Structure formats: C-alpha cells, structure tokens
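What follows is upload_27.csv (CSV, C-alpha atoms).
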chain,number,residue,atom,x,y,z
B,215,MET,CA,0.0,0.0,0.0
B,216,ARG,CA,1.3,3.4,-0.9
B,217,PRO,CA,1.5,5.9,2.0
B,218,PRO,CA,-0.8,8.9,2.0
B,219,HIS,CA,0.4,12.3,0.7
B,220,ALA,CA,0.4,15.5,2.7
B,221,ALA,CA,0.7,19.1,1.3
B,222,VAL,CA,0.0,22.7,2.3
B,223,LEU,CA,-2.8,24.0,0.0
B,224,THR,CA,-2.5,27.6,0.9
B,225,GLY,CA,0.3,30.0,-0.1
B,226,ASP,CA,3.7,30.5,1.7
B,227,GLY,CA,3.0,34.0,3.0
B,228,LEU,CA,1.4,35.0,6.2
B,229,GLY,CA,-2.3,34.5,6.6
B,230,ALA,CA,-5.0,33.9,9.2
B,231,VAL,CA,-5.5,30.2,8.3
B,232,ALA,CA,-3.4,27.6,6.5
B,233,VAL,CA,-4.8,24.4,5.1
B,234,VAL,CA,-3.0,21.1,5.1
B,235,ARG,CA,-4.5,18.2,3.2
B,236,VAL,CA,-3.7,14.5,3.7
B,237,TRP,CA,-5.0,12.2,1.0
B,238,GLY,CA,-4.7,8.6,-0.2
B,239,GLU,CA,-5.4,5.2,1.3
B,240,GLY,CA,-4.9,5.3,5.1
B,241,ALA,CA,-5.2,9.1,5.3
B,242,VAL,CA,-7.9,9.1,8.0
B,243,LYS,CA,-6.0,6.6,10.1
B,244,LEU,CA,-2.8,8.6,9.8
B,245,VAL,CA,-4.4,11.9,10.9
B,246,ASP,CA,-6.3,10.1,13.7
B,247,SER,CA,-2.8,9.1,15.1
B,248,ILE,CA,-1.7,12.7,15.4
B,249,PHE,CA,-5.0,14.5,16.0
B,250,ARG,CA,-5.9,15.1,19.7
B,251,PRO,CA,-9.7,16.0,19.8
B,252,VAL,CA,-10.9,18.3,22.5
B,253,THR,CA,-13.9,16.1,23.0
B,254,GLY,CA,-15.7,13.3,21.3
B,255,LEU,CA,-14.9,10.4,19.0
B,256,SER,CA,-12.0,9.9,16.7
B,257,LEU,CA,-12.0,11.3,13.1
B,258,ALA,CA,-12.6,7.8,11.8
B,259,ALA,CA,-15.9,7.7,13.7
B,260,THR,CA,-16.9,11.2,12.6
B,261,ALA,CA,-19.2,11.8,9.7
B,262,ALA,CA,-17.6,13.3,6.6
B,263,GLY,CA,-17.8,17.1,6.4
B,264,ARG,CA,-18.2,17.6,10.2
B,265,PRO,CA,-15.4,19.8,11.6
B,266,ARG,CA,-13.6,18.7,14.8
B,267,ILE,CA,-11.5,20.9,17.0
B,268,GLY,CA,-8.3,19.6,18.5
B,269,ARG,CA,-4.6,19.9,18.5
B,270,VAL,CA,-1.8,18.6,16.2
B,271,GLY,CA,1.9,18.7,16.6
B,272,ALA,CA,4.7,18.1,19.1
B,273,GLY,CA,4.4,19.4,22.6
B,274,LEU,CA,1.3,21.6,23.0
B,275,GLY,CA,1.0,21.6,19.3
B,276,ASP,CA,-1.3,24.0,17.3
B,277,GLU,CA,-5.1,24.3,17.8
B,278,VAL,CA,-6.7,23.1,14.6
B,279,VAL,CA,-9.9,22.2,12.9
B,280,ALA,CA,-9.9,18.8,11.2
B,281,LEU,CA,-12.5,17.2,8.9
B,282,VAL,CA,-12.8,14.2,6.8
B,283,LEU,CA,-13.7,15.0,3.2
B,284,ALA,CA,-16.4,13.1,1.2
B,285,GLY,CA,-15.3,11.8,-2.1
B,286,ASP,CA,-13.7,8.9,-4.0
B,287,ILE,CA,-10.2,9.7,-2.6
B,288,GLU,CA,-9.8,9.3,1.1
B,289,SER,CA,-8.8,12.8,2.3
B,290,VAL,CA,-8.6,14.8,5.5
B,291,GLU,CA,-8.1,18.6,5.8
B,292,ILE,CA,-6.4,20.2,8.8
B,293,HIS,CA,-7.0,23.9,9.2
B,294,CYS,CA,-4.3,25.5,11.4
B,295,HIS,CA,-3.0,29.0,12.1
B,296,GLY,CA,-1.6,30.7,9.0
B,297,GLY,CA,2.0,31.4,10.2
B,298,PRO,CA,5.0,29.4,9.0
B,299,ALA,CA,5.6,27.9,12.4
B,300,ALA,CA,2.1,26.5,12.7
B,301,ARG,CA,2.2,25.1,9.1
B,302,SER,CA,5.6,23.5,9.8
B,303,LEU,CA,4.3,22.0,13.1
B,304,VAL,CA,1.4,20.3,11.4
B,305,MET,CA,3.3,19.1,8.3
B,306,GLU,CA,6.1,17.7,10.5
B,307,ALA,CA,3.5,15.7,12.4
B,308,THR,CA,2.0,14.2,9.3
B,309,LEU,CA,5.4,13.4,7.7
B,310,SER,CA,6.8,11.8,10.9
B,311,SER,CA,3.7,9.6,11.0
B,312,GLY,CA,4.3,8.2,7.6
B,313,ALA,CA,2.9,10.6,5.1
B,314,VAL,CA,4.8,11.5,1.9
B,315,GLN,CA,5.5,15.1,1.0
B,316,GLY,CA,3.2,16.0,-1.9
B,317,MET,CA,2.2,19.0,-3.9
B,318,PRO,CA,-1.3,20.3,-4.4
B,319,ILE,CA,-1.1,19.4,-8.1
B,320,ASP,CA,-0.6,15.7,-7.0
B,321,MET,CA,-4.3,15.6,-6.1
B,322,VAL,CA,-5.2,16.1,-9.7
B,323,HIS,CA,-5.2,13.0,-12.0
B,324,ALA,CA,-2.9,14.1,-14.9
B,325,GLU,CA,-4.4,11.5,-17.2
B,326,THR,CA,-7.9,13.0,-16.9
B,327,VAL,CA,-7.0,16.7,-16.8
B,328,SER,CA,-5.7,18.9,-19.6
B,329,THR,CA,-2.4,20.7,-19.7
B,330,ILE,CA,-4.1,24.1,-19.3
B,331,ARG,CA,-6.1,23.0,-16.3
B,332,LEU,CA,-2.9,21.6,-14.7
B,333,GLU,CA,-1.2,24.9,-15.2
B,334,ALA,CA,-4.1,26.7,-13.5
B,335,TRP,CA,-4.0,24.3,-10.6
B,336,ARG,CA,-0.2,25.0,-10.3
B,337,ASP,CA,-0.8,28.8,-10.3
B,338,LEU,CA,-3.8,28.7,-7.9
B,339,PRO,CA,-1.9,28.4,-4.6
B,340,ASN,CA,0.1,31.6,-5.6
B,341,ALA,CA,-3.0,33.7,-5.9
B,342,THR,CA,-2.9,36.2,-3.1
B,343,THR,CA,-6.6,37.4,-3.1
B,344,LEU,CA,-9.8,35.5,-3.1
B,345,ARG,CA,-11.1,37.3,-6.2
B,346,ALA,CA,-8.0,36.5,-8.2
B,347,ALA,CA,-8.1,32.9,-7.0
B,348,SER,CA,-11.8,32.6,-8.1
B,349,HIS,CA,-10.9,33.4,-11.7
B,350,LEU,CA,-7.9,31.0,-11.6
B,351,LEU,CA,-10.2,28.3,-10.2
B,352,ASP,CA,-12.5,28.8,-13.2
B,353,GLN,CA,-9.6,28.0,-15.5
B,354,ALA,CA,-8.6,25.0,-13.3
B,355,THR,CA,-12.1,23.6,-13.7
B,356,GLY,CA,-12.0,24.0,-17.5
B,357,ALA,CA,-13.2,27.5,-18.6
B,358,PHE,CA,-10.2,28.4,-20.8
B,359,ASP,CA,-9.6,24.8,-21.9
B,360,PHE,CA,-13.2,24.4,-23.1
B,361,GLU,CA,-13.1,27.7,-25.0
B,362,LEU,CA,-9.9,26.5,-26.9
B,363,ARG,CA,-11.7,23.3,-27.8
B,364,ARG,CA,-14.6,25.3,-29.2
B,365,ILE,CA,-12.1,27.3,-31.2
B,366,ARG,CA,-10.6,24.1,-32.6
B,367,GLU,CA,-14.0,22.8,-33.6
B,368,GLU,CA,-14.8,26.0,-35.4
B,369,LEU,CA,-11.5,26.3,-37.3
B,370,GLN,CA,-12.6,23.9,-40.0
B,371,THR,CA,-16.2,25.1,-40.3
B,372,ASP,CA,-16.1,28.8,-39.4
B,373,PRO,CA,-12.6,30.3,-39.2
B,374,GLU,CA,-14.0,33.8,-38.7
B,375,SER,CA,-16.0,32.7,-35.7
B,376,ALA,CA,-12.9,31.0,-34.3
B,377,ARG,CA,-10.9,34.2,-34.8
B,378,SER,CA,-13.5,36.2,-33.0
B,379,ARG,CA,-13.3,33.9,-30.0
B,380,ILE,CA,-9.5,34.3,-30.0
B,381,GLU,CA,-9.9,38.1,-30.1
B,382,GLY,CA,-12.2,37.8,-27.1
B,383,LEU,CA,-9.6,35.9,-25.2
B,384,LEU,CA,-6.9,38.4,-26.1
B,385,THR,CA,-9.0,41.3,-24.8
B,386,VAL,CA,-8.8,39.8,-21.3
B,387,ALA,CA,-5.2,38.5,-21.5
B,388,ASP,CA,-3.7,41.5,-19.7
B,389,PHE,CA,-6.1,40.8,-16.8
B,390,GLY,CA,-5.5,37.1,-16.7
B,391,THR,CA,-1.7,37.3,-16.7
B,392,LYS,CA,-1.8,39.6,-13.6
B,393,LEU,CA,-3.9,37.3,-11.5
B,394,VAL,CA,-0.8,35.9,-9.8
B,395,SER,CA,1.8,38.7,-10.3
B,396,GLY,CA,-0.6,41.5,-9.6
B,397,TRP,CA,-0.9,45.0,-11.0
B,398,ARG,CA,1.7,47.7,-10.4
B,399,VAL,CA,0.6,51.1,-9.1
B,400,VAL,CA,3.1,53.9,-8.5
B,401,LEU,CA,2.7,57.1,-6.5
B,402,ALA,CA,4.3,60.1,-8.3
B,403,GLY,CA,4.8,63.8,-7.5
B,404,ARG,CA,7.3,66.4,-6.4
B,405,PRO,CA,8.8,66.2,-2.9
B,406,ASN,CA,6.7,66.9,0.2
B,407,VAL,CA,3.3,66.4,-1.4
B,408,GLY,CA,2.6,63.5,1.0
B,409,LYS,CA,3.3,60.4,-1.1
B,410,SER,CA,4.9,58.4,1.7
B,411,ARG,CA,2.1,59.2,4.1
B,412,LEU,CA,-0.5,58.4,1.4
B,413,LEU,CA,1.2,55.0,0.8
B,414,ASN,CA,1.0,54.3,4.5
B,415,ALA,CA,-2.7,55.3,4.6
B,416,LEU,CA,-3.6,53.1,1.6
B,417,ALA,CA,-1.6,50.2,3.2
B,418,GLY,CA,-3.2,50.6,6.6
B,419,PHE,CA,0.2,50.6,8.3
B,420,ASP,CA,3.4,52.6,8.4
B,421,ARG,CA,5.6,51.2,5.6
B,422,ALA,CA,7.4,54.3,4.3
B,423,ILE,CA,9.4,56.8,6.4
B,424,VAL,CA,7.5,60.2,6.7
B,425,ASP,CA,9.6,63.3,7.2
B,426,PRO,CA,9.1,67.0,6.2
B,427,SER,CA,12.7,67.1,4.7
B,428,PRO,CA,12.6,67.1,0.9
B,429,GLY,CA,14.2,64.0,-0.6
B,430,THR,CA,13.5,61.7,2.3
B,431,THR,CA,12.4,58.9,-0.1
B,432,ARG,CA,15.4,58.0,-2.3
B,433,ASP,CA,14.6,54.5,-3.2
B,434,VAL,CA,11.4,52.7,-4.4
B,435,VAL,CA,9.4,51.6,-1.3
B,436,SER,CA,6.7,49.0,-2.2
B,437,ILE,CA,4.1,46.9,-0.5
B,438,ARG,CA,1.8,44.1,-1.6
B,439,THR,CA,-1.8,44.9,-1.0
B,440,ALA,CA,-5.2,44.7,-2.8
B,441,PHE,CA,-7.8,47.1,-4.1
B,442,GLN,CA,-11.4,45.8,-4.7
B,443,GLY,CA,-9.9,42.3,-4.4
B,444,TRP,CA,-7.2,42.7,-7.1
B,445,PRO,CA,-3.6,42.0,-6.0
B,446,VAL,CA,-1.4,45.1,-6.3
B,447,GLU,CA,2.2,46.1,-5.8
B,448,LEU,CA,1.9,49.7,-4.5
B,449,ALA,CA,5.1,51.7,-4.8
B,450,ASP,CA,6.2,55.1,-3.3
B,451,THR,CA,8.9,56.7,-5.4
B,452,ALA,CA,11.3,59.6,-4.9
B,453,GLY,CA,9.9,63.1,-5.3
B,454,LEU,CA,10.9,64.7,-8.6
B,455,ARG,CA,12.8,67.9,-8.5
B,456,GLU,CA,16.2,69.5,-9.6
B,457,THR,CA,19.0,68.2,-7.4
B,458,GLU,CA,22.8,67.9,-7.3
B,459,ASP,CA,22.7,65.0,-4.8
B,460,PRO,CA,23.8,61.9,-6.8
B,461,ILE,CA,21.9,59.5,-4.5
B,462,GLU,CA,18.7,61.5,-4.7
B,463,ALA,CA,19.2,61.8,-8.5
B,464,TRP,CA,19.6,58.0,-8.7
B,465,GLY,CA,16.4,57.6,-6.7
B,466,MET,CA,14.5,60.0,-9.1
B,467,ALA,CA,15.8,58.0,-12.1
B,468,MET,CA,14.5,54.8,-10.5
B,469,ALA,CA,11.2,56.6,-9.9
B,470,ARG,CA,10.8,57.6,-13.5
B,471,SER,CA,11.6,54.1,-14.6
B,472,ARG,CA,9.0,52.6,-12.3
B,473,GLN,CA,6.4,55.1,-13.4
B,474,VAL,CA,6.9,54.3,-17.1
B,475,SER,CA,6.4,50.6,-16.4
B,476,ALA,CA,3.4,50.9,-14.0
B,477,ASP,CA,-0.1,49.8,-14.8
B,478,LEU,CA,-1.4,52.9,-13.1
B,479,VAL,CA,0.2,56.2,-11.8
B,480,ILE,CA,-1.3,58.2,-8.9
B,481,LEU,CA,-0.2,61.7,-9.3
B,482,VAL,CA,-0.2,63.4,-5.9
B,483,LEU,CA,-0.5,67.2,-5.6
B,484,ASP,CA,-0.4,69.3,-2.4
B,485,ARG,CA,-3.7,71.3,-2.2
B,486,SER,CA,-2.3,73.4,0.6
B,487,MET,CA,0.4,74.9,-1.7
B,488,LEU,CA,0.1,76.7,-5.0
B,489,LEU,CA,0.5,74.6,-8.0
B,490,SER,CA,4.0,74.7,-9.5
B,491,ASP,CA,5.3,74.4,-13.0
B,492,GLN,CA,6.6,71.0,-12.0
B,493,ASP,CA,3.1,69.9,-10.9
B,494,ARG,CA,1.7,71.0,-14.3
B,495,GLY,CA,4.6,69.2,-16.1
B,496,LEU,CA,3.9,66.0,-14.3
B,497,LYS,CA,0.2,66.2,-15.2
B,498,LEU,CA,1.3,66.4,-18.9
B,499,THR,CA,3.7,63.6,-18.4
B,500,HIS,CA,1.1,61.3,-16.9
B,501,PRO,CA,-2.2,62.1,-18.8
B,502,LYS,CA,-3.8,58.9,-17.7
B,503,ALA,CA,-2.9,59.1,-14.0
B,504,ILE,CA,-5.3,59.4,-11.2
B,505,VAL,CA,-4.8,63.0,-10.0
B,506,VAL,CA,-5.2,63.3,-6.2
B,507,ALA,CA,-5.2,66.5,-4.2
B,508,ASN,CA,-3.7,65.7,-0.9
B,509,LYS,CA,-3.8,67.6,2.4
B,510,CYS,CA,-7.5,68.5,2.2
B,511,ASP,CA,-7.4,68.9,6.0
B,512,LEU,CA,-5.5,72.2,5.5
B,513,PRO,CA,-6.7,75.4,3.9
B,514,ALA,CA,-6.9,75.0,0.1
B,515,CYS,CA,-4.8,77.2,-2.2
B,516,TRP,CA,-6.6,76.1,-5.4
B,517,GLU,CA,-9.9,74.6,-6.5
B,518,PHE,CA,-10.1,71.0,-7.6
B,519,ASP,CA,-13.1,68.9,-8.7
B,520,GLY,CA,-11.4,65.6,-8.6
B,521,LEU,CA,-10.3,63.3,-5.8
B,522,THR,CA,-9.3,65.1,-2.6
B,523,VAL,CA,-7.8,63.2,0.3
B,524,SER,CA,-6.0,63.7,3.6
B,525,ALA,CA,-3.3,61.1,4.1
B,526,GLU,CA,-3.0,62.6,7.6
B,527,SER,CA,-6.6,62.2,8.7
B,528,GLY,CA,-7.7,59.4,6.4
B,529,ASP,CA,-10.4,61.5,4.7
B,530,GLY,CA,-11.1,60.3,1.1
B,531,ILE,CA,-8.8,57.3,1.3
B,532,ALA,CA,-11.6,54.8,0.9
B,533,GLY,CA,-12.8,56.6,-2.2
B,534,LEU,CA,-9.3,56.6,-3.7
B,535,ALA,CA,-8.9,52.9,-3.0
B,536,GLU,CA,-12.2,52.2,-4.8
B,537,GLU,CA,-11.1,54.3,-7.8
B,538,ILE,CA,-7.8,52.5,-8.0
B,539,GLY,CA,-9.5,49.2,-8.2
B,540,ARG,CA,-12.0,50.5,-10.8
B,541,ARG,CA,-9.2,52.0,-13.0
B,542,LEU,CA,-7.1,48.8,-12.9
B,543,VAL,CA,-10.0,46.5,-13.8
B,544,PRO,CA,-12.9,48.6,-15.2
B,545,ARG,CA,-14.7,45.6,-16.7
B,546,PRO,CA,-13.8,42.3,-14.9
B,547,PRO,CA,-14.7,39.2,-16.8
B,548,PRO,CA,-17.9,37.5,-15.5
B,549,GLU,CA,-17.7,34.5,-13.2
B,550,GLY,CA,-16.8,31.4,-15.2
B,551,ALA,CA,-15.4,33.3,-18.1
B,552,PRO,CA,-12.4,31.8,-20.0
B,553,VAL,CA,-9.2,33.8,-19.4
B,554,PRO,CA,-5.6,33.1,-20.6
B,555,PHE,CA,-3.5,33.4,-17.5
B,556,ARG,CA,0.1,32.9,-18.7
B,557,ARG,CA,2.2,34.9,-21.1
B,558,ARG,CA,2.8,31.8,-23.2
B,559,HIS,CA,-0.9,31.5,-23.7
B,560,VAL,CA,-1.1,35.0,-25.1
B,561,ARG,CA,1.8,34.3,-27.5
B,562,ARG,CA,0.2,31.1,-28.8
B,563,LEU,CA,-3.2,32.8,-29.3
B,564,SER,CA,-1.5,35.6,-31.3
B,565,LEU,CA,0.2,33.0,-33.5
B,566,ILE,CA,-3.0,31.1,-34.1
B,567,ARG,CA,-4.8,34.4,-35.0
B,568,GLU,CA,-2.0,35.3,-37.4
B,569,ALA,CA,-2.3,31.9,-39.0
B,570,ILE,CA,-6.0,32.4,-39.5
B,571,ASP,CA,-5.4,35.8,-41.1
B,572,ARG,CA,-3.0,34.1,-43.6
B,573,ARG,CA,-5.5,31.3,-44.3
B,574,ARG,CA,-3.2,28.7,-42.8
B,575,ILE,CA,-6.1,27.0,-41.1
B,576,GLY,CA,-4.4,23.5,-41.0
B,577,TRP,CA,-1.3,24.9,-39.3
B,578,ALA,CA,-3.4,26.8,-36.8
B,579,GLU,CA,-5.4,23.6,-36.0
B,580,ARG,CA,-2.2,21.6,-35.5
B,581,VAL,CA,-0.7,24.2,-33.1
B,582,LEU,CA,-4.0,24.2,-31.2
B,583,ARG,CA,-4.2,20.4,-31.1
B,584,ARG,CA,-0.6,20.0,-29.8
B,585,TRP,CA,-1.3,22.7,-27.2
B,586,LEU,CA,-4.4,20.9,-25.9
B,587,GLU,CA,-2.9,17.5,-26.0
B,588,GLY,CA,0.7,18.1,-25.2
B,589,PRO,CA,2.5,17.9,-21.8
B,590,GLY,CA,2.5,20.9,-19.4
B,591,GLN,CA,5.4,23.3,-19.4
Starting from the file, lay out its structure as structure tokens.
Amino acid sequence: MRPPHAAVLTGDGLGAVAVVRVWGEGAVKLVDSIFRPVTGLSLAATAAGRPRIGRVGAGLGDEVVALVLAGDIESVEIHCHGGPAARSLVMEATLSSGAVQGMPIDMVHAETVSTIRLEAWRDLPNATTLRAASHLLDQATGAFDFELRRIREELQTDPESARSRIEGLLTVADFGTKLVSGWRVVLAGRPNVGKSRLLNALAGFDRAIVDPSPGTTRDVVSIRTAFQGWPVELADTAGLRETEDPIEAWGMAMARSRQVSADLVILVLDRSMLLSDQDRGLKLTHPKAIVVANKCDLPACWEFDGLTVSAESGDGIAGLAEEIGRRLVPRPPPEGAPVPFRRRHVRRLSLIREAIDRRRIGWAERVLRRWLEGPGQ
C-alpha cells in the first residue's frame, strides 16, 4: 500500500488560516494518530464534512480544525493557524507519522485533466486574493480549456468565428496574466506632497518613512496589497525635482523608470500649496494618471473637482482605493469566463490568430491540437 500524501494547499505567505491536506489510502487513520480532539470520538468515527476541534503537533501543538472530506479519494483537511511555524508543526506531524510530502497538483489526476487545467492548478496556490483565486479556479475547472476546444472545432467550419473567439480571449489577456503577479501602481509627485504618508494610509500601516525634509524617499518603497480584491504592488517613489545630490538623482531615475512601467500612476498634488510648473509638467507627463489633491485637511490654495484626500486624517482614502480598483479592472470578466493566464498562452493565441489571417487553417489547427494534448510546461 502506498503511503498517504500531505501538502499545504495555501500560499507560503502569512495568513489567518493555513490548510494542510492528507490524502490517499490510510489518510484518515494517519491523521487520527496525530489529532488530539478536544472532546468526542476519533475522526474515523466522525461523519464526513463535520469539523472537529483539537490539536496537532509536538508538545502543546497547534489548535486546529480537522474534517474528513467526502469523495472517492480518502482525504482529510487540517485547518491550522496561518503562520509558517504552525504550518511546519502540522506538516512535520504528518510526515513523521508516515505521510509522503506532496504537492497540491498531485491531487489532480494528470491522465484526466488537460495541460491548461494543470497549469491553472499550479498557479492557484500563488494567488494572493480570493477574487484572483476565483478566476484561476474557473480556469482550473476548465473554462479556458473548453473555449480553446470550441475554437478548434470552429476552425474547420467557421474560421472567422474561431478568430472572433480568439480576439475575445486576447482582450482579457492582460487581466489574466496579472492574477498571480498583480498590478503595479506607483505614487508620483514632487517632494513633500505627502506620497509616503499616502502610501501608509492606503496600506493601513506605516511602511514608508515620513519626514518633512525634501528628498527623504530616495529608493522605491513598495508593499503588496489589494484594491477591490485585485492584487497590487503599490510603490512610493522619490519626489521629482532638480538636485545635485547623486543619491537623490539616482532615486529619481528609479522613480521615472518605475512610473513608465506601471499599470497605473497616482499623481499626488499638495492642495495646501500653490501649483508649481513642475506639478503642471507632471500632469502632462502622466495624462492617464489618477490625480489626487492631498492635504485636504489644510486650507486650500486652489480649486479641484477631482479626488481630494488627507493622508494625515484618512479622509477620502476609501474613495481613492475604490477608484484605483476601478481603473485597474474597469470591466472584470464575469464568473466562469475563459481567461488566458500565462504569457505563453497569449503568444500562442496571437500566433493562431495570425495563421487564420494568412488562411493557414491547417497549421493553426495543428498548433492548437498540440497545445491541448501536449504535456504541461
């Protein structure tokens, strides 16, 4: 008899809860040997789906919730605290009792699941928000795979319809390829407009150093966060001004580079000070930026009909966060929609579209067939 497998299903980062699954023949018996219920019967005598509270791990162990899963494969989930120490404690207990270290993808039968679905299952544990994970789960359960099979069927009978479906997939490609990596948002502006304090306000904790001295931020300071459920890397960059300080100049060069590559720029202006030529120049440089008038808790020096916030008091921060999410993903795909989620998917779709345009239908069909039937990469 092969020993059961054990794997952490949740990501490696910090979280409130981590999930360890043990599966395979003998999984319930193995977990029973390490699970110390607070009260009641053993897991083997507990109905599937009924959560049990107890402890797992050496010494005092970690307080966990364990439940036997219904299904064809014998499986048990252990929900423990989300820190790395708690995860390690539970995993060490399962492995020392005879389980074999596995990967979440090992739970999927490769012979019955397509390459694309396997890729989605591999990416799913790396999703950092529930909303992003939901779209990846749709692909893991077949949404993108099924759409490609429809395109393959239509290539011989209606190439233009197949091309239209490919165009539809490419319109959401930028969205899909950011479900794991996240979107990049950069705060820009001249020194002392409150970028660092605004970053802290949006993050909900002090990440950047705040000081009235110009040029305090000299490097790119970034955090991982989320807006409207979309994963985001939010970066505070050096204030832009004329300087002879080589370190500050290097920081401003980094700032300009990060702003050019960002998915969204938030241009921060100081409403308590008169607008400068530099402010006006930055507005021209970033015409698609979200322009934010900061320090609305102080007397205003100019009128503004856009977003006003106070990074000091928190006024307007919720509205700004909502606007960031809306600008990043103005029209999210509906639940269950097919979405290409890797750059390689986008390249292959573009090649197939190009082949259709050149009337190379047979070649396009062969590429699509190999993609759907070939091994994962």
Exercise. Given the choices B:Gly443, B:Gly312, B:Gly382, B:Gly254, which gets closest to B:Ala346 if the distance is worked out from only C-alpha atoms?
Worked result: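 Using only C-alpha atoms, B:Ala346 sits closest to B:Gly443.
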Exercise. Any idea what's packed within 10 Å of stretch 285-299 of chain B, counting all atoms listed in the file, ignoring anything in its chain fewer than 3 positions away? Could you give it as an MDAnalysis selection string?
Worked result: chainID B and resid 218:246 249 257 262:263 265:270 276:282 302:305 321
Problem set entry | Of the listed residues B:Val560, B:Val523, B:Ile437, B:Leu401, that which approaches B:Leu481 most closely, counting all atoms listed in the file |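 Once distances to B:Leu481 are computed over all atoms listed in the file, the minimum belongs to B:Leu401.
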Exercise. Suppose you want the space between atom CA of B:Ser564 and atom CA of B:Leu332; what is it in Å?
Worked result: 21.8 Å
For this session: Between atom CA of B:Arg545 and atom CA of B:Asp477, measure the distance and give it in Å to one decimal.
Result: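 Those two atoms sit 15.3 Å apart.
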Do you have, as JSON lines, the list of residues of stretch 356-436 of chain B lying at most 9 Å from stretch 494-507 of chain B, each with its nearest atom pair and that distance in Å to one decimal, counting all atoms listed in the file and ordered by chain then number?
{"residue": "B:Ala402", "atom": "CA", "partner": "B:Leu496", "partner_atom": "CA", "distance": 8.4}
{"residue": "B:Gly403", "atom": "CA", "partner": "B:Leu496", "partner_atom": "CA", "distance": 7.2}
{"residue": "B:Arg404", "atom": "CA", "partner": "B:Leu496", "partner_atom": "CA", "distance": 8.6}
{"residue": "B:Val407", "atom": "CA", "partner": "B:Ala507", "partner_atom": "CA", "distance": 8.9}
May I have the residues within 12 Å of B:Thr343 as a compact mmCIF listing (two decimals) with C-alpha atoms, in the coordinates of the input, using all atoms listed in the file and disregarding those fewer than 5 positions away in the same chain?
# COMPACT_ATOMS: atom_id res chain seq x y z
CA THR B 224 -2.50 27.60 0.90
CA GLY B 225 0.30 30.00 -0.10
CA GLY B 227 3.00 34.00 3.00
CA GLY B 229 -2.30 34.50 6.60
CA LEU B 338 -3.80 28.70 -7.90
CA SER B 348 -11.80 32.60 -8.10
CA HIS B 349 -10.90 33.40 -11.70
CA LEU B 350 -7.90 31.00 -11.60
CA LYS B 392 -1.80 39.60 -13.60
CA LEU B 393 -3.90 37.30 -11.50
CA VAL B 394 -0.80 35.90 -9.80
CA SER B 395 1.80 38.70 -10.30
CA GLY B 396 -0.60 41.50 -9.60
CA ARG B 438 1.80 44.10 -1.60
CA THR B 439 -1.80 44.90 -1.00
CA ALA B 440 -5.20 44.70 -2.80
CA PHE B 441 -7.80 47.10 -4.10
CA GLN B 442 -11.40 45.80 -4.70
CA GLY B 443 -9.90 42.30 -4.40
CA TRP B 444 -7.20 42.70 -7.10
CA PRO B 445 -3.60 42.00 -6.00
CA VAL B 446 -1.40 45.10 -6.30
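Computed from the coordinates, the atom CA of B:Ser328 to atom CA of B:Arg561 distance equals 18.9 Å.
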